[in-house]
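**Student:** Before anything else, here's the structure in question.
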Amino acid sequence: MFKQGLSYYNQGKYELAVQQYTKVLALTPQDENTIYNRGLAYFKLENYESAINDFTDAIKLDPKYENAYYNRGLAHYYQGSYNAAITDFNSALNINSEDSEAIYNLGLCYRKKGDYETAIADYNKALKLNPQYTDAYFSRGLAFYYKGDYQTAISDYSVAINLDSKYADAYYNRGLAYYKLNDYELAIADYTSAIKEDPEHSDAYYNRGLVYYYQQNYELALDDFNSSIKIKPKQSDAYVCRGLVYRKQIKYDLAIADFTTAIAYNPEDGLAYNNRGSIYYIQGFKESCISDWKKAVDLGDATSKKYLKDYYGIDY
């Protein structure tokens with residue numbers, strides 16, 4: 001029965017694997033390997049709590065079960081419990097100090113906690129053990145990016161791309177770094193490469209659209225925002241940006257429709273209220289304009305506060 005469970009797991013039939021392993025455990029409840037493997041199946045089903053329970057039971061039966069610590073750490077990580085994950089990855093490393101993946105995942109946890117220096121130190125350790133660790137270069141690049149060191153981030157993303165020429169997210173994130181350095185043509189080139197490798201990369205379309213917008217290439221910007229929305233129809237920022245393009249094209253009804261849709265998906269979007277209010281101002285719809293600008297101010301938009309004062313004498 002254990003082999004059948006393993007067969008189901010390898011076929012991606014994780015529910016059936018759980019059922020099969022559970023049958024085995026009814027006969028041999030102290031079998032730590034079956035418990036561990038059921039935990040892996042739960043993990044694949046994103047049932048992280050059940051996975052953690054199984055990995056914990058496996059560890060109770062075998063306190064040196066490195067993979068159980070490691071995978072319990074992953075489950076904690078995906079739950080957002082980064083401190084618990086760090087404890088588990090360190091436990092795995094106490095058993096095997098040269099587990100580059102455990103070290104790498106420690107780095108992921110520290111990056112999520114905003115401790116970029118510690119994350120970078122962990123990525124360095126992982127890369128010392130495995131100089132071909134593509135994801136470690138990529139993740140170290142992210143840490144440098146969040147620190148504001150865009151040039152070093154670009155260097156790491158470039159190494160990741162050299163190791164894997166089809167790494168869409170590495171192209172995309174390198175594009176973000178180039179954008180931060182105001183190198184728009186290289187940013188566009190990288191967003192385009194990301195889209196080539198992953199045609200469903202909505203963020204690459206969105207950010208390429210932003211660059212085109214700032215270059216006043218409104219038709220290309222519109223195409224990219226359309227593509228981004230097609231892939232992620234509830235992405236409020238893309239509607240705001242497409243609305244801005246329509247505003248530039250003096251297609252006010254379409255712009256209002258997009259700002260309204262953005263608000264429907266994100267009622268806390270002050271920029272959408274600000275821009276819809278601005279079009280109402282152009283159209284002479286005073287009450288609607290004031291209402292939108294006041295709402296934008298309530299959401300922290302300082303520009304709308306200034307507009308209310310300058311255009312209507314309202315100190316709100």
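A note on labels: chains of the structure tokens are A, B, ... as shown, every chain counts residues from 1, and ligands are counted from 1 in their shown order.
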Excluding range 46-62 of chain A and residues on its chain fewer than 5 positions from it, collect all residues at most 10 Å away from it, counting only C-alpha atoms, and give them as an MDAnalysis selection string.

**Tutor:** chainID A and resid 30:41 67:79

**Student:** I'd like to know which residues of range 88-263 of chain A are alpha helix (DSSP H) (by DSSP, run on the backbone); could you write them as a VMD selection string?

**Tutor:** chain A and resid 88 to 95 100 to 112 116 to 129 134 to 147 150 to 163 168 to 180 184 to 197 202 to 214 218 to 231 236 to 248 252 to 263

**Student:** Just checking: using only C-alpha atoms, which residue out of A:Leu308, A:Ala204, A:Val240, A:Ala262 ends up closest to Ser228 in chain A?

**Tutor:**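 Closest candidate: A:Ala204.
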
**Student:** Have a look at CA of Glu98 in chain A and CA of Lys44 in chain A and let me know their distance in Å, one decimal.

**Tutor:**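 Value for the CA of Glu98 in chain A-CA of Lys44 in chain A distance: 25.6 Å.
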
**Student:** Do you have the CA of Lys128 in chain A-CA of Gly148 in chain A distance handy?

**Tutor:**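 Distance reported for this atom pair: 24.1 Å.
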
**Student:** Skipping near chain neighbours, those fewer than 5 positions away, what residues fall within 12 Å of Gln215 in chain A using only C-alpha atoms, listed as a PyMOL selection string?

**Tutor:** chain A and resi 182-185+188+208-210+220-221+245

**Student:** Name all residues at most 8 Å from Ile154 in chain A (count only C-alpha atoms; drop same-chain ones fewer than 2 positions away) and give them as a list in words.

**Tutor:**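 The neighbour list is Gly141, Tyr150, Gln151, Thr152, Asp156, Tyr157, Ser158, Arg174, Ala177 and Tyr178 of chain A.
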
**Student:** Now that the selection is made, can you save its residues with N, CA and C atoms as a PDB file, in the first residue's frame?

**Tutor:**
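Output below, filename selection32.pdb:
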```pdb
ATOM      1  N   GLY A 141      19.472  39.050  -5.647  1.00  0.00           N
ATOM      2  CA  GLY A 141      19.161  40.253  -6.416  1.00  0.00           C
ATOM      3  C   GLY A 141      17.957  40.988  -5.840  1.00  0.00           C
ATOM      4  N   TYR A 150      20.383  48.987  -6.831  1.00  0.00           N
ATOM      5  CA  TYR A 150      19.835  48.469  -8.078  1.00  0.00           C
ATOM      6  C   TYR A 150      20.917  47.900  -8.999  1.00  0.00           C
ATOM      7  N   GLN A 151      22.096  48.503  -8.990  1.00  0.00           N
ATOM      8  CA  GLN A 151      23.141  48.016  -9.881  1.00  0.00           C
ATOM      9  C   GLN A 151      23.617  46.622  -9.481  1.00  0.00           C
ATOM     10  N   THR A 152      23.769  46.402  -8.169  1.00  0.00           N
ATOM     11  CA  THR A 152      24.171  45.065  -7.712  1.00  0.00           C
ATOM     12  C   THR A 152      23.052  44.057  -7.976  1.00  0.00           C
ATOM     13  N   ASP A 156      23.204  40.435 -10.141  1.00  0.00           N
ATOM     14  CA  ASP A 156      22.730  39.112  -9.727  1.00  0.00           C
ATOM     15  C   ASP A 156      21.675  38.561 -10.678  1.00  0.00           C
ATOM     16  N   TYR A 157      20.749  39.411 -11.105  1.00  0.00           N
ATOM     17  CA  TYR A 157      19.739  38.948 -12.060  1.00  0.00           C
ATOM     18  C   TYR A 157      20.404  38.490 -13.355  1.00  0.00           C
ATOM     19  N   SER A 158      21.463  39.189 -13.747  1.00  0.00           N
ATOM     20  CA  SER A 158      22.157  38.834 -14.987  1.00  0.00           C
ATOM     21  C   SER A 158      22.822  37.467 -14.877  1.00  0.00           C
ATOM     22  N   ARG A 174      14.936  42.389 -13.363  1.00  0.00           N
ATOM     23  CA  ARG A 174      16.031  43.227 -13.865  1.00  0.00           C
ATOM     24  C   ARG A 174      15.448  44.460 -14.547  1.00  0.00           C
ATOM     25  N   ALA A 177      14.685  47.007 -11.990  1.00  0.00           N
ATOM     26  CA  ALA A 177      15.900  47.691 -11.531  1.00  0.00           C
ATOM     27  C   ALA A 177      16.362  48.724 -12.555  1.00  0.00           C
ATOM     28  N   TYR A 178      16.332  48.360 -13.842  1.00  0.00           N
ATOM     29  CA  TYR A 178      16.697  49.329 -14.881  1.00  0.00           C
ATOM     30  C   TYR A 178      15.751  50.532 -14.842  1.00  0.00           C
TER      31      TYR A 178
END
```
